[in-house]
Amino acid sequence: MIAAYLETRDGKIKKSSLEALSEAVRRAGELGVAAAGVLAGGAVADQAPGAFAAGAARVYVIEDPGLAAYSSAGYAAALAAFAGKEKPLGLFFAATAMGKDLAPRVAARLGAAMASDCVKVEAKDGTLVFTRPIYAGKAFLSVTLDSSPLVATLRPNIFPVAEAAAAPGEVVRLAAAVPDAAAEGRVVEVVKEESGEIDVTEADVVVSGGRGLKGPEAFALLRDLAAVFPRAAVGASRSAVDSNWIGHQHQVGQTGKTVSPDLYIAAGISGAIQHLAGMSASKVIVAVNKDPDAPIFKVADYGVVGDLFEVLPKLTEELRKTLSD
Amino acid sequence: MNILVFVKRVPDTESRIRIQHETRTVAEDGLNFVLSPYDEYAVEEALRLKESKGAAVRVVSVGRDEAAAVLRKCLAMGADEAFLIKDDVPETYDGLRTARIIARAVERRFAGADLLLFGKQSVGADNGQVPAMVAELLGLPQATVVTKLDVGEGAATACREIEGGFEKVALTLPAVVTAQKGLNEPRYETLKGIMAAKKKEIPVVKLEDLGLGPDDLRSRVRVAGLDVPAARKAGRVLQGDPAETARELVRLLRDEAKVI
């Protein structure tokens with residue numbers, strides 16, 4: 001069996017978890033094993049249909065009052081209890097804030113090595129080969145794991161969500177002993193950014209700004225442009241972040257986030273090597289820069305040589321017209 | 001308070017990465033090595049706690065002799081002591097192997113720490129596995145990717161970054177905390193600090209002294225391939241009247257690239 005842990009936020013399975021589950025379903029099919037989802041929390045059983053819709057044959061449900069709030073130790077105990085009992089061949093997590101926190105803890109508890117932030121998973125010779133960026137995407141490493149289960153986190157926005165016939169599968173309830181130690185590192189409050197913006201790693205479109213914006217005010221132009229798309233986020237170069245024009249959670253590049261949206265729009269970003277590493281996996285790149293020699297144009301599918309203060313408002317206007325048609 | 005900070009020597013972020021295909025390794029010649037940027041935030045946070053609450057700050061790196069250079073930087077920043085756990089094995093990408101070494105060293109050599117600080121990931125291997133694995137192996141609570149840390153008496157509150165916001169984690173000490181950009185602004189070393197750091201001894205801890213056997217030290221990660229991505233090609237360049245350029249770009253995005 002290949003299992004995927006299904007993270008829930010706001011009473012829904014996260015899209016990136018459905019992506020991980022879908023990849024589990026596809027690779028399990030090739031290896032001739034079953035695919036399953038694993039839900040853990042205070043009350044999560046009602047989420048099972050979402051997993052069946054992505055093709056899971058079975059959904060394991062671990063409910064415990066001790067799991068109502070997230071704790072690394074508590075959730076690791078629950079997932080390890082599942083793995084110890086069901087002995088899956090593979091155990092996937094979405095490489096989200098929670099997945100990155102939880103997966104290594106589960107792996108260590110099981111004595112297993114793991115592959116982080118994978119962008120490709122292949123079934124080969126009865127095992128899985130994981131490919132992942134290193135140096136924020138300056139190189140790609142493929143590994144096999146000589147331990148069991150094969151634990152991996154899968155990068156969001158890479159793997160497509162499968163749409164199965166939604167045949168309801170089997171729900172299996174498991175008990176887990178949540179250790180007292182879990183109480184020693186528990187989430188006590190979740191605070192959402194007021195804007196309600198989605199994260200750059202989860203967005204379909206990322207509109208990023210750099211030094212060419214000349215100040216924090218110009219990010220309003222990027223927000224206007226992003227607002228045209230249903231799932232867009234505003235990104236930034238390191239120099240914009242280090243100038244305190246925008247929060248570091250928006251930074252794209254080697255000391256920020258690595259993104260791979262369908263469309264990446266870089267405005268006033270020259271294209272330092274550490275920035276290019278973080279966005280070169282985007283499907284389509286648009287660069288707007290007044291310097292025709294800016295390195296960003298070497299990676300851009302469409303380069304606009306011009307003044308971003310003139311181009312961006314026109315681009316926003318044109319996109320709004322086109323998308324509303 | 002007793003603080004341990006774990007650091008790694010990595011190529012700086014301006015490095016162009018080249019591959020040695022016959023060994024499936026990253027070519028090291030011509031690279032400029034630095035203290036991993038996220039580790040700098042961890043060291044800085046330890047030093048701020050030392051200044052505000054009083055603490056002994058010990059910095060530890062697992063690696064080859066060359067790692068002494070980044071340990072010396074930490075001493076120059078103000079760390080009290082630095083230790084090198086000597087491991088001559090090249091990058092394995094196996095976080096559990098490193099975590100086993102660190103967890104054993106904490107038990108046998110650095111017992112009594114209240115806080116174990118790490119960078120959220122090394123810049124390079126980008127695994128982000130070791131701190132949570134160490135926490136699990138030692139049975140400690142953890143907060144990863146932290147942008148704000150308040151340490152009290154035997155307890156701490158950490159704000160960790162999540163998608164579209166942050167969450168507060170209540171920790172009892174000892175605990176493992178990993179630093180994210182935004183936690184603080186790392187200081188530069190002073191000339192006085194650099195001179196003092198030069199005189200300090202960096203004790204070397206041997207793996208055999210930690211009682212680690214071949215099975216603990218075997219890498220479970222096998223490299224099946226290592227390559228640089230195909231270079232993207234420069235595409236079409238548009239210029240001229242902003243309104244016309246915007247119209248043409250939108251048409252291309254819709255009809256040619258088909259992304260909108």
# chains A, B, ... in the order shown; residues from 1 in each chain; ligands from 1

call {"tool": "residues_around", "arguments": {"residues": "A:Arg9", "least_positions_apart": "2", "cutoff": "12 Å", "atoms": "only C-alpha atoms", "output": "list of chain:residue names"}}
result
A:Leu6, A:Glu7, A:Gly11, A:Lys12, A:Ile13, A:Lys14, A:Lys15, A:Ser16, A:Ser17, A:Leu39, A:Ala40, A:Gly41, A:Val44, A:Gln47, A:Ala68, A:Ala69, A:Tyr70, A:Thr96, A:Ala97, A:Met98, A:Val190, A:Lys192, B:Ile162, B:Glu163, B:Gly164

call {"tool": "write_last_selection", "arguments": {"atoms": "N, CA and C atoms", "output": "compact mmCIF listing (two decimals), in the first residue's frame"}}
result
# COMPACT_ATOMS: atom_id res chain seq x y z
N LEU A 6 -3.48 13.03 4.94
CA LEU A 6 -4.39 14.08 4.44
C LEU A 6 -4.54 15.17 5.49
N GLU A 7 -3.89 16.27 5.22
CA GLU A 7 -3.93 17.41 6.14
C GLU A 7 -5.25 18.14 5.97
N GLY A 11 -11.61 22.52 8.13
CA GLY A 11 -12.59 21.49 7.86
C GLY A 11 -12.58 20.95 6.44
N LYS A 12 -11.43 21.05 5.76
CA LYS A 12 -11.32 20.53 4.40
C LYS A 12 -9.95 19.90 4.21
N ILE A 13 -9.89 18.87 3.35
CA ILE A 13 -8.57 18.32 3.02
C ILE A 13 -7.86 19.33 2.13
N LYS A 14 -6.61 19.61 2.44
CA LYS A 14 -5.86 20.58 1.62
C LYS A 14 -5.64 20.05 0.22
N LYS A 15 -5.67 20.95 -0.74
CA LYS A 15 -5.46 20.55 -2.14
C LYS A 15 -4.12 19.84 -2.30
N SER A 16 -3.08 20.36 -1.63
CA SER A 16 -1.76 19.73 -1.79
C SER A 16 -1.73 18.31 -1.24
N SER A 17 -2.59 18.02 -0.24
CA SER A 17 -2.69 16.64 0.25
C SER A 17 -3.40 15.75 -0.77
N LEU A 39 -6.40 10.09 7.66
CA LEU A 39 -6.89 11.31 8.31
C LEU A 39 -6.61 11.21 9.80
N ALA A 40 -6.16 12.29 10.39
CA ALA A 40 -5.93 12.31 11.83
C ALA A 40 -6.42 13.64 12.38
N GLY A 41 -7.04 13.60 13.55
CA GLY A 41 -7.52 14.83 14.17
C GLY A 41 -8.51 14.55 15.26
N VAL A 44 -12.51 13.94 12.15
CA VAL A 44 -12.14 14.13 10.75
C VAL A 44 -12.79 13.11 9.81
N GLN A 47 -14.39 13.71 6.40
CA GLN A 47 -13.57 14.14 5.26
C GLN A 47 -13.30 13.00 4.28
N ALA A 68 -6.96 17.08 18.54
CA ALA A 68 -7.82 18.20 18.13
C ALA A 68 -6.99 19.41 17.74
N ALA A 69 -5.91 19.67 18.50
CA ALA A 69 -4.96 20.71 18.10
C ALA A 69 -3.70 20.02 17.62
N TYR A 70 -3.01 20.63 16.64
CA TYR A 70 -1.83 19.99 16.08
C TYR A 70 -0.66 20.02 17.05
N THR A 96 3.94 20.85 2.88
CA THR A 96 3.36 22.09 3.42
C THR A 96 4.04 22.40 4.75
N ALA A 97 3.64 23.49 5.37
CA ALA A 97 4.21 23.82 6.68
C ALA A 97 4.02 22.64 7.64
N MET A 98 2.82 22.03 7.62
CA MET A 98 2.59 20.92 8.54
C MET A 98 3.33 19.66 8.08
N VAL A 190 -4.06 29.77 15.91
CA VAL A 190 -3.75 29.93 14.49
C VAL A 190 -4.19 31.32 14.08
N LYS A 192 -4.51 34.00 10.96
CA LYS A 192 -4.46 34.14 9.50
C LYS A 192 -4.07 35.54 9.12
N ILE B 162 2.93 29.38 8.64
CA ILE B 162 2.14 28.40 7.89
C ILE B 162 1.58 29.12 6.66
N GLU B 163 0.94 28.37 5.76
CA GLU B 163 0.41 28.99 4.55
C GLU B 163 -0.64 30.04 4.94
N GLY B 164 -0.43 31.26 4.51
CA GLY B 164 -1.42 32.31 4.74
C GLY B 164 -1.55 32.75 6.19

call {"tool": "select_by_dssp", "arguments": {"residues": "stretch 149-225 of chain B", "states": "helix (DSSP H, G or I)", "output": "ChimeraX atom specification"}}
result
/B:191-199,207-210,214-217

call {"tool": "write_last_selection", "arguments": {"atoms": "C-alpha atoms", "output": "PDB file, in the first residue's frame"}}
result
ATOM      1  CA  LEU B 191      36.980  42.943  14.823  1.00  0.00           C
ATOM      2  CA  LYS B 192      37.425  42.261  18.526  1.00  0.00           C
ATOM      3  CA  GLY B 193      35.184  39.200  18.219  1.00  0.00           C
ATOM      4  CA  ILE B 194      37.131  37.923  15.211  1.00  0.00           C
ATOM      5  CA  MET B 195      40.445  38.318  17.054  1.00  0.00           C
ATOM      6  CA  ALA B 196      39.104  36.573  20.160  1.00  0.00           C
ATOM      7  CA  ALA B 197      37.610  33.757  18.060  1.00  0.00           C
ATOM      8  CA  LYS B 198      40.997  33.096  16.451  1.00  0.00           C
ATOM      9  CA  LYS B 199      42.460  32.248  19.831  1.00  0.00           C
ATOM     10  CA  LEU B 207      32.100   9.632  15.962  1.00  0.00           C
ATOM     11  CA  GLU B 208      33.603   6.576  17.639  1.00  0.00           C
ATOM     12  CA  ASP B 209      33.600   8.425  20.966  1.00  0.00           C
ATOM     13  CA  LEU B 210      29.841   8.805  20.624  1.00  0.00           C
ATOM     14  CA  PRO B 214      28.508   1.191  11.247  1.00  0.00           C
ATOM     15  CA  ASP B 215      24.770   0.564  11.191  1.00  0.00           C
ATOM     16  CA  ASP B 216      24.025   3.978  12.744  1.00  0.00           C
ATOM     17  CA  LEU B 217      26.332   5.627  10.240  1.00  0.00           C
TER      18      LEU B 217
END

call {"tool": "residues_around", "arguments": {"residues": "stretch 145-152 of chain B", "least_positions_apart": "2", "cutoff": "6 Å", "atoms": "only C-alpha atoms", "output": "VMD selection string"}}
result
chain B and resid 120 155 to 161 178 to 180 182 to 183

call {"tool": "residues_around", "arguments": {"residues": "A:Ala183", "least_positions_apart": "6", "cutoff": "9 Å", "atoms": "only C-alpha atoms", "output": "list of chain:residue names"}}
result
A:Gly66, A:Ser71, A:Ala73, A:Gly74, B:Pro141, B:Ala170, B:Leu171, B:Thr172

call {"tool": "residues_around", "arguments": {"residues": "stretch 95-105 of chain B", "least_positions_apart": "4", "cutoff": "7 Å", "atoms": "only C-alpha atoms", "output": "ChimeraX atom specification"}}
result
/A:108,113 /B:109-110,129-130,133-134,137-138,210,216-217,219

call {"tool": "write_last_selection", "arguments": {"atoms": "C-alpha atoms", "output": "PDB file, in the first residue's frame"}}
result
ATOM      1  CA  ALA A 108      12.610   9.129  12.628  1.00  0.00           C
ATOM      2  CA  ALA A 113      15.141   7.757   5.750  1.00  0.00           C
TER       3      ALA A 113
ATOM      4  CA  ARG B 109      28.494  15.090  25.191  1.00  0.00           C
ATOM      5  CA  PHE B 110      26.167  18.101  25.454  1.00  0.00           C
ATOM      6  CA  GLN B 129      14.692  16.900   8.118  1.00  0.00           C
ATOM      7  CA  VAL B 130      17.361  16.917  10.807  1.00  0.00           C
ATOM      8  CA  MET B 133      14.271  13.979  13.600  1.00  0.00           C
ATOM      9  CA  VAL B 134      16.529  15.031  16.480  1.00  0.00           C
ATOM     10  CA  LEU B 137      14.965  10.760  18.732  1.00  0.00           C
ATOM     11  CA  LEU B 138      15.347  12.731  21.974  1.00  0.00           C
ATOM     12  CA  LEU B 210      29.841   8.805  20.624  1.00  0.00           C
ATOM     13  CA  ASP B 216      24.025   3.978  12.744  1.00  0.00           C
ATOM     14  CA  LEU B 217      26.332   5.627  10.240  1.00  0.00           C
ATOM     15  CA  SER B 219      23.329   6.097   4.684  1.00  0.00           C
TER      16      SER B 219
END

call {"tool": "closest_residue", "arguments": {"among": "B:Asp87, B:Glu44, B:Glu14, B:Glu28", "to": "chain A", "atoms": "only C-alpha atoms"}}
result
B:Glu14

call {"tool": "residues_around", "arguments": {"residues": "A:Leu222", "least_positions_apart": "3", "cutoff": "8 Å", "atoms": "only C-alpha atoms", "output": "ChimeraX atom specification"}}
result
/A:207-209,218-219,225-226,234,312

call {"tool": "write_last_selection", "arguments": {"atoms": "C-alpha atoms", "output": "compact mmCIF listing (two decimals), in the first residue's frame"}}
result
# COMPACT_ATOMS: atom_id res chain seq x y z
CA VAL A 207 3.25 38.24 -9.42
CA SER A 208 6.63 39.24 -7.97
CA GLY A 209 8.34 42.57 -7.56
CA ALA A 218 4.33 49.95 -5.87
CA PHE A 219 3.37 46.54 -4.51
CA LEU A 225 -2.66 42.49 -11.06
CA ALA A 226 -2.81 39.41 -8.81
CA VAL A 234 2.28 38.37 -4.57
CA LEU A 312 1.51 46.79 -15.20

call {"tool": "residues_around", "arguments": {"residues": "B:Ala113", "least_positions_apart": "4", "cutoff": "12 Å", "atoms": "only C-alpha atoms", "output": "list of chain:residue names"}}
result
B:Met1, B:Asn2, B:Ile3, B:Leu4, B:Val5, B:Ala55, B:Ala56, B:Val57, B:Arg58, B:Val59, B:Ala103, B:Ala105, B:Val106, B:Glu107, B:Arg108, B:Arg109, B:Leu117, B:Leu138, B:Leu140, B:Gly154, B:Leu173, B:Pro174, B:Ala175, B:Val176

call {"tool": "atom_distance", "arguments": {"atom1": "atom CA of A:Glu122", "atom2": "atom CA of A:Ala139"}}
result
18.2 Å
